[in-house]
>>> print(open('upload16.cif').read())   # mmCIF, C-alpha atoms
data_entry
#
loop_
_atom_site.label_atom_id
_atom_site.label_comp_id
_atom_site.auth_asym_id
_atom_site.auth_seq_id
_atom_site.Cartn_x
_atom_site.Cartn_y
_atom_site.Cartn_z
CA MET A 1030 21.74 2.03 11.79
CA VAL A 1031 20.37 4.31 9.06
CA LEU A 1032 16.57 4.52 9.06
CA PHE A 1033 16.26 5.31 5.36
CA THR A 1034 18.70 5.20 2.48
CA LEU A 1035 18.45 7.55 -0.49
CA SER A 1036 17.33 4.60 -2.61
CA GLU A 1037 14.45 3.88 -0.20
CA LEU A 1038 13.33 7.51 -0.17
CA LEU A 1039 13.33 7.52 -3.97
CA ASP A 1040 11.30 4.30 -3.95
CA VAL A 1041 8.71 5.91 -1.65
CA ILE A 1042 8.45 8.95 -3.95
CA ILE A 1043 8.12 6.74 -7.04
CA LEU A 1044 5.51 4.61 -5.28
CA CYS A 1045 3.46 7.75 -4.52
CA PHE A 1046 3.31 8.58 -8.22
CA MET A 1047 2.53 4.98 -9.19
CA MET A 1048 -0.37 4.78 -6.72
CA GLY A 1049 -1.73 8.08 -7.98
CA LEU A 1050 -1.59 6.91 -11.59
CA ILE A 1051 -3.21 3.55 -10.84
CA PHE A 1052 -6.09 4.74 -8.67
CA PHE A 1053 -6.86 8.29 -9.85
CA ARG A 1054 -10.12 7.15 -11.51
CA PHE A 1055 -11.46 4.64 -9.01
CA PHE A 1056 -12.51 6.89 -6.14
CA ALA A 1057 -12.95 10.17 -8.00
CA ASN A 1058 -16.64 10.42 -7.11
CA TYR A 1059 -15.63 10.60 -3.44
CA ASN A 1060 -12.87 13.15 -4.04
CA THR A 1061 -13.40 15.76 -1.33
CA PHE A 1062 -10.69 17.88 -2.98
CA ASN A 1063 -12.73 18.31 -6.18
CA LYS A 1064 -16.23 16.82 -6.23
CA HIS A 1065 -17.48 15.63 -9.62
CA SER A 1066 -19.42 12.74 -11.10
CA HIS A 1067 -19.28 10.15 -13.90
CA PHE A 1068 -15.56 9.60 -13.40
CA TYR A 1069 -15.55 6.33 -15.33
CA GLN A 1070 -16.61 8.26 -18.42
CA LYS A 1071 -13.72 10.68 -18.13
CA SER A 1072 -10.86 10.03 -20.52
CA GLY A 1073 -8.42 12.65 -19.28
CA PHE A 1074 -6.02 12.78 -16.36
CA ASN A 1075 -7.25 14.74 -13.34
CA LYS A 1076 -4.63 16.20 -11.00
CA SER A 1077 -7.00 16.47 -8.05
CA ASP A 1078 -8.03 12.81 -8.35
CA PHE A 1079 -4.35 11.89 -8.64
CA ILE A 1080 -3.53 13.64 -5.34
CA PHE A 1081 -6.66 12.22 -3.69
CA SER A 1082 -5.69 8.64 -4.60
CA ILE A 1083 -2.17 9.20 -3.25
CA CYS A 1084 -3.62 10.40 0.06
CA LEU A 1085 -5.85 7.33 0.22
CA PHE A 1086 -3.44 4.57 -0.69
CA VAL A 1087 0.11 5.66 0.09
CA PRO A 1088 -0.29 5.75 3.90
CA ALA A 1089 -1.98 2.32 3.85
CA ILE A 1090 0.82 0.78 1.80
CA VAL A 1091 3.92 2.66 2.94
CA LEU A 1092 3.08 2.58 6.66
CA HIS A 1093 2.30 -1.15 6.34
CA GLU A 1094 5.75 -1.82 4.92
CA LEU A 1095 7.42 0.50 7.43
CA GLY A 1096 5.77 -1.56 10.16
CA HIS A 1097 7.66 -4.59 8.84
CA LYS A 1098 10.83 -2.56 8.41
CA PHE A 1099 10.99 -0.94 11.84
CA VAL A 1100 10.14 -4.11 13.77
CA ALA A 1101 12.81 -6.01 11.82
CA MET A 1102 15.28 -3.21 12.57
CA GLY A 1103 14.26 -3.39 16.22
CA PHE A 1104 15.53 -6.98 16.23
CA GLY A 1105 18.83 -5.83 14.76
CA TYR A 1106 18.26 -6.75 11.12
CA GLU A 1107 18.98 -4.53 8.15
CA ALA A 1108 15.60 -3.98 6.48
CA THR A 1109 15.04 -2.27 3.14
CA PHE A 1110 11.87 -0.84 1.61
CA HIS A 1111 11.36 -1.58 -2.09
CA SER A 1112 8.96 -0.29 -4.71
CA PRO A 1113 8.39 -2.62 -7.70
CA ILE A 1114 9.36 0.28 -9.94
CA SER A 1115 12.60 1.81 -8.70
CA ILE A 1116 14.91 4.56 -9.92
CA GLN A 1117 16.76 1.91 -11.93
CA HIS A 1118 13.57 1.19 -13.89
CA ILE A 1119 13.05 4.91 -14.48
CA LEU A 1120 16.59 5.33 -15.80
CA ASN A 1121 16.41 2.15 -17.88
CA PRO A 1122 12.78 1.30 -18.74
CA PHE A 1123 13.85 -1.87 -20.56
CA LEU A 1124 14.55 -3.45 -17.14
CA ILE A 1125 10.78 -3.49 -16.55
CA PHE A 1126 10.35 -6.29 -19.09
CA SER A 1127 12.65 -8.56 -17.08
CA ASP A 1128 11.04 -7.73 -13.71
CA PHE A 1129 7.67 -9.43 -13.17
CA PHE A 1130 6.52 -7.16 -10.31
CA ALA A 1131 7.48 -3.99 -12.18
CA LEU A 1132 5.68 -5.24 -15.30
CA LEU A 1133 2.50 -5.93 -13.29
CA MET A 1134 2.53 -2.37 -11.97
CA VAL A 1135 2.99 -0.92 -15.47
CA ILE A 1136 0.06 -3.03 -16.71
CA ALA A 1137 -2.06 -1.70 -13.83
CA ILE A 1138 -1.16 1.90 -14.75
CA VAL A 1139 -1.95 1.38 -18.44
CA SER A 1140 -5.22 -0.35 -17.50
CA SER A 1141 -6.22 2.64 -15.35
CA PHE A 1142 -5.65 5.11 -18.18
CA LEU A 1143 -7.65 2.91 -20.53
CA GLY A 1144 -10.53 2.78 -18.05
CA GLY A 1145 -9.87 -0.80 -16.98
CA SER A 1146 -9.57 -2.31 -13.53
CA PHE A 1147 -6.47 -4.53 -13.56
CA LEU A 1148 -5.31 -4.29 -9.94
CA PHE A 1149 -3.25 -7.45 -9.48
CA PHE A 1150 0.16 -6.12 -8.47
CA VAL A 1151 2.54 -5.97 -5.52
CA PRO A 1152 2.65 -2.33 -4.36
CA ALA A 1153 5.78 -2.62 -2.18
CA TYR A 1154 7.75 -5.01 -0.02
CA VAL A 1155 10.50 -5.10 2.60
CA SER A 1156 13.55 -7.34 2.56
CA PHE A 1157 15.75 -7.93 5.59
CA SER A 1158 19.25 -9.24 6.06
CA ALA A 1159 18.87 -12.61 7.78
CA ALA A 1160 16.45 -15.36 8.73
CA ALA A 1161 14.53 -14.43 11.87
CA THR A 1162 13.52 -16.70 14.73
CA PRO A 1163 9.89 -17.94 14.69
CA PHE A 1164 8.90 -15.45 17.39
CA GLN A 1165 10.56 -12.59 15.51
CA THR A 1166 8.95 -13.74 12.27
CA VAL A 1167 5.50 -13.54 13.85
CA LEU A 1168 6.06 -10.00 15.11
CA ILE A 1169 7.71 -8.76 11.90
CA ALA A 1170 5.01 -10.30 9.71
CA PHE A 1171 2.12 -9.03 11.84
CA ALA A 1172 3.55 -5.52 12.16
CA GLY A 1173 2.38 -4.56 8.65
CA PRO A 1174 -1.23 -5.75 8.97
CA ALA A 1175 -1.30 -4.27 12.50
CA VAL A 1176 -0.76 -0.83 10.95
CA ASN A 1177 -3.69 -1.45 8.58
CA LEU A 1178 -5.77 -2.60 11.55
CA ILE A 1179 -5.14 0.72 13.28
CA LEU A 1180 -5.84 2.70 10.08
CA TRP A 1181 -9.08 0.74 9.70
CA LEU A 1182 -10.43 1.09 13.24
CA VAL A 1183 -9.32 4.63 14.14
CA PRO A 1184 -11.00 6.46 11.21
CA LYS A 1185 -14.10 4.27 11.67
CA TRP A 1186 -14.25 5.22 15.35
CA MET A 1187 -13.67 8.90 14.56
CA VAL A 1188 -16.52 8.93 12.04
CA ASN A 1189 -18.85 7.12 14.44
CA GLN A 1190 -17.99 9.60 17.18
CA GLY A 1191 -18.58 12.59 14.92
CA LYS A 1192 -14.97 13.72 15.18
CA VAL A 1193 -14.52 14.15 11.41
CA LYS A 1194 -15.76 17.22 9.54
CA HIS A 1195 -18.63 16.39 7.20
CA LYS A 1196 -16.52 17.28 4.16
CA TYR A 1197 -13.91 14.66 5.03
CA VAL A 1198 -16.24 11.85 6.11
CA PRO A 1199 -16.05 10.12 2.67
CA PHE A 1200 -12.24 10.24 2.83
CA ALA A 1201 -12.21 8.75 6.35
CA ILE A 1202 -14.71 6.02 5.42
CA ILE A 1203 -12.79 4.99 2.30
CA THR A 1204 -9.51 5.05 4.21
CA SER A 1205 -11.07 2.76 6.81
CA LYS A 1206 -12.42 0.36 4.19
CA ILE A 1207 -9.17 0.24 2.22
CA ASN A 1208 -7.24 -0.65 5.34
CA MET A 1209 -9.89 -3.18 6.39
CA PHE A 1210 -9.43 -4.90 3.02
CA LEU A 1211 -5.62 -4.76 3.24
CA PHE A 1212 -5.66 -6.17 6.77
CA ALA A 1213 -7.97 -9.05 5.83
CA PHE A 1214 -6.18 -9.71 2.53
CA ASN A 1215 -2.70 -9.75 4.03
CA MET A 1216 -3.78 -12.03 6.88
CA ILE A 1217 -4.94 -14.79 4.51
CA PRO A 1218 -2.80 -17.83 5.49
CA ILE A 1219 -1.51 -18.48 1.97
CA PRO A 1220 2.27 -18.79 1.34
CA GLY A 1221 3.72 -15.39 0.46
CA PHE A 1222 1.12 -13.50 2.51
CA ASP A 1223 1.78 -12.06 5.95
CA GLY A 1224 -0.92 -14.31 7.36
CA SER A 1225 0.99 -17.46 6.42
CA LYS A 1226 4.17 -16.10 8.01
CA VAL A 1227 2.26 -15.34 11.20
CA LEU A 1228 0.56 -18.75 11.24
CA PHE A 1229 3.63 -20.85 10.48
CA GLY A 1230 5.75 -18.67 12.77
CA ILE A 1231 3.34 -19.35 15.64
CA ILE A 1232 3.37 -23.10 14.89
CA LYS A 1233 7.19 -23.22 14.84
CA TRP A 1234 7.40 -21.03 17.92
CA LEU A 1235 4.99 -23.17 19.97
CA PHE A 1236 5.92 -26.61 18.69
#
>>> encode(input="upload16.cif", output="structure tokens")
Amino acid sequence: MVLFTLSELLDVIILCFMMGLIFFRFFANYNTFNKHSHFYQKSGFNKSDFIFSICLFVPAIVLHELGHKFVAMGFGYEATFHSPISIQHILNPFLIFSDFFALLMVIAIVSSFLGGSFLFFVPAYVSFSAAATPFQTVLIAFAGPAVNLILWLVPKWMVNQGKVKHKYVPFAIITSKINMFLFAFNMIPIPGFDGSKVLFGIIKWLF
């Protein structure tokens, strides 16, 4: 079984750029690559902030989805990583207008460049080939948030133990908080969220 297809690798690359474009303003004041202030008043694009936002968000999102993917593959399912904006959208931008998730991401990017804060979008998702058993569903669904749980607690522990250089403490703290939010958010037991899949999977598995 192939771990990654070319299409998936392209989706990961595209997602990196999308995350950089969406978040390059939001955490610029904490940018340990290029410290500056008053980032909300800046109108131009900053390459250093772009790279900083990629380093903050891409691991949290991509590793979350790969958690789903690899656990599903471990059960023998074909699992595919998707970015809302794919190579097909790049080659034919008009497809964006017929794809709700892609359109949300474009709105988030435009909002960022205009100094807004529209952040309601689906950063990525994984599809797999067949319906899983309740037990498998629980493990597959929890695998993503479990990655965020690790990325929340490990940097927090490292900072508390003084194992992070002073220069990179802001990066570690923000990484921890981002993953704390993603863990809590994804575990909300609302249909469509990982938390609901875990909850209903447990109920079906036990009863």
>>> residues_near_point(input="upload16.cif", point="(19.8, -8.0, 4.5)", cutoff="8 Å", atoms="only C-alpha atoms", output="list in words")
Tyr1106, Glu1107, Ala1108, Thr1109, Ser1156, Phe1157, Ser1158 and Ala1159 of chain A
>>> residues_around(input="upload16.cif", residues="Phe1150 in chain A", least_positions_apart="3", cutoff="10 Å", atoms="only C-alpha atoms", output="list in words")
Pro1113, Phe1129, Phe1130, Ala1131, Leu1132, Leu1133, Met1134, Val1135, Ile1136, Ala1137, Phe1147 and Ala1153 of chain A
>>> closest_residue(input="upload16.cif", among="A:Val1041, A:Asn1075, A:Asn1215, A:Leu1235", to="Phe1142 in chain A", atoms="all atoms listed in the file")
A:Asn1075
>>> atom_distance(input="upload16.cif", atom1="CA of Ser1077 in chain A", atom2="CA of Phe1053 in chain A")
8.4 Å
>>> resolve_selection(input="upload16.cif", expression="the PyMOL selection byres ((chain A and resi 1054) around 9)", output="count of residues only")
19
>>> residues_around(input="upload16.cif", residues="range 1217-1221 of chain A", least_positions_apart="4", cutoff="12 Å", atoms="all atoms listed in the file", output="number ranges by chain")
A: 1151, 1154, 1170-1171, 1174, 1210-1213, 1225-1231
>>> write_last_selection(input="upload16.cif", atoms="C-alpha atoms", output="PDB file, in the frame of the given file")
ATOM      1  CA  VAL A1151       2.540  -5.970  -5.520  1.00  0.00           C
ATOM      2  CA  TYR A1154       7.750  -5.010  -0.020  1.00  0.00           C
ATOM      3  CA  ALA A1170       5.010 -10.300   9.710  1.00  0.00           C
ATOM      4  CA  PHE A1171       2.120  -9.030  11.840  1.00  0.00           C
ATOM      5  CA  PRO A1174      -1.230  -5.750   8.970  1.00  0.00           C
ATOM      6  CA  PHE A1210      -9.430  -4.900   3.020  1.00  0.00           C
ATOM      7  CA  LEU A1211      -5.620  -4.760   3.240  1.00  0.00           C
ATOM      8  CA  PHE A1212      -5.660  -6.170   6.770  1.00  0.00           C
ATOM      9  CA  ALA A1213      -7.970  -9.050   5.830  1.00  0.00           C
ATOM     10  CA  SER A1225       0.990 -17.460   6.420  1.00  0.00           C
ATOM     11  CA  LYS A1226       4.170 -16.100   8.010  1.00  0.00           C
ATOM     12  CA  VAL A1227       2.260 -15.340  11.200  1.00  0.00           C
ATOM     13  CA  LEU A1228       0.560 -18.750  11.240  1.00  0.00           C
ATOM     14  CA  PHE A1229       3.630 -20.850  10.480  1.00  0.00           C
ATOM     15  CA  GLY A1230       5.750 -18.670  12.770  1.00  0.00           C
ATOM     16  CA  ILE A1231       3.340 -19.350  15.640  1.00  0.00           C
TER      17      ILE A1231
END
>>> closest_residue(input="upload16.cif", among="A:Leu1124, A:Ile1138, A:Leu1182, A:Met1102", to="Met1048 in chain A", atoms="all atoms listed in the file")
A:Ile1138
>>> closest_residue(input="upload16.cif", among="A:Ile1116, A:Leu1092, A:Ala1160, A:Ile1202", to="Met1187 in chain A", atoms="all atoms listed in the file")
A:Ile1202
>>> resolve_selection(input="upload16.cif", expression="the PyMOL selection byres ((chain A and resi 1093) around 10)", output="PyMOL selection string")
chain A and resi 1087-1092+1094-1098+1153-1155+1171-1178+1180+1208+1211-1212
>>> resolve_selection(input="upload16.cif", expression="the PyMOL selection byres ((chain A and resi 1039) around 12)", output="MDAnalysis selection string")
chainID A and resid 1033:1038 1040:1046 1110:1119
>>> atom_distance(input="upload16.cif", atom1="CA of Trp1181 in chain A", atom2="CA of Lys1206 in chain A")
6.5 Å
>>> closest_residue(input="upload16.cif", among="A:Phe1126, A:Phe1200, A:Phe1164, A:Phe1149", to="Cys1084 in chain A", atoms="all atoms listed in the file")
A:Phe1200
>>> residues_around(input="upload16.cif", residues="Val1198 in chain A", least_positions_apart="2", cutoff="10 Å", atoms="only C-alpha atoms", output="list in words")
Tyr1059, Thr1061, Pro1184, Lys1185, Met1187, Val1188, Asn1189, Gly1191, Lys1192, Val1193, Lys1194, His1195, Lys1196, Phe1200, Ala1201, Ile1202, Ile1203 and Thr1204 of chain A
>>> write_last_selection(input="upload16.cif", atoms="C-alpha atoms", output="mmCIF file, in the frame of the given file")
data_model
loop_
_atom_site.group_PDB
_atom_site.id
_atom_site.type_symbol
_atom_site.label_atom_id
_atom_site.label_comp_id
_atom_site.auth_asym_id
_atom_site.auth_seq_id
_atom_site.Cartn_x
_atom_site.Cartn_y
_atom_site.Cartn_z
ATOM 1 C CA TYR A 1059 -15.630 10.600 -3.440
ATOM 2 C CA THR A 1061 -13.400 15.760 -1.330
ATOM 3 C CA PRO A 1184 -11.000 6.460 11.210
ATOM 4 C CA LYS A 1185 -14.100 4.270 11.670
ATOM 5 C CA MET A 1187 -13.670 8.900 14.560
ATOM 6 C CA VAL A 1188 -16.520 8.930 12.040
ATOM 7 C CA ASN A 1189 -18.850 7.120 14.440
ATOM 8 C CA GLY A 1191 -18.580 12.590 14.920
ATOM 9 C CA LYS A 1192 -14.970 13.720 15.180
ATOM 10 C CA VAL A 1193 -14.520 14.150 11.410
ATOM 11 C CA LYS A 1194 -15.760 17.220 9.540
ATOM 12 C CA HIS A 1195 -18.630 16.390 7.200
ATOM 13 C CA LYS A 1196 -16.520 17.280 4.160
ATOM 14 C CA PHE A 1200 -12.240 10.240 2.830
ATOM 15 C CA ALA A 1201 -12.210 8.750 6.350
ATOM 16 C CA ILE A 1202 -14.710 6.020 5.420
ATOM 17 C CA ILE A 1203 -12.790 4.990 2.300
ATOM 18 C CA THR A 1204 -9.510 5.050 4.210
#
>>> atom_distance(input="upload16.cif", atom1="CA of Pro1152 in chain A", atom2="CA of Met1209 in chain A")
16.5 Å
>>> axis_aligned_box(input="upload16.cif", around="range 1105-1124 of chain A", padding_each_side="6 Å", output="AutoDock Vina command-line options")
--center_x 13.7 --center_y -0.7 --center_z -2.9 --size_x 22.6 --size_y 24.1 --size_z 47.3
>>> closest_residue(input="upload16.cif", among="A:Ile1207, A:Ile1169, A:Leu1120, A:Leu1085", to="Gly1103 in chain A", atoms="only C-alpha atoms")
A:Ile1169
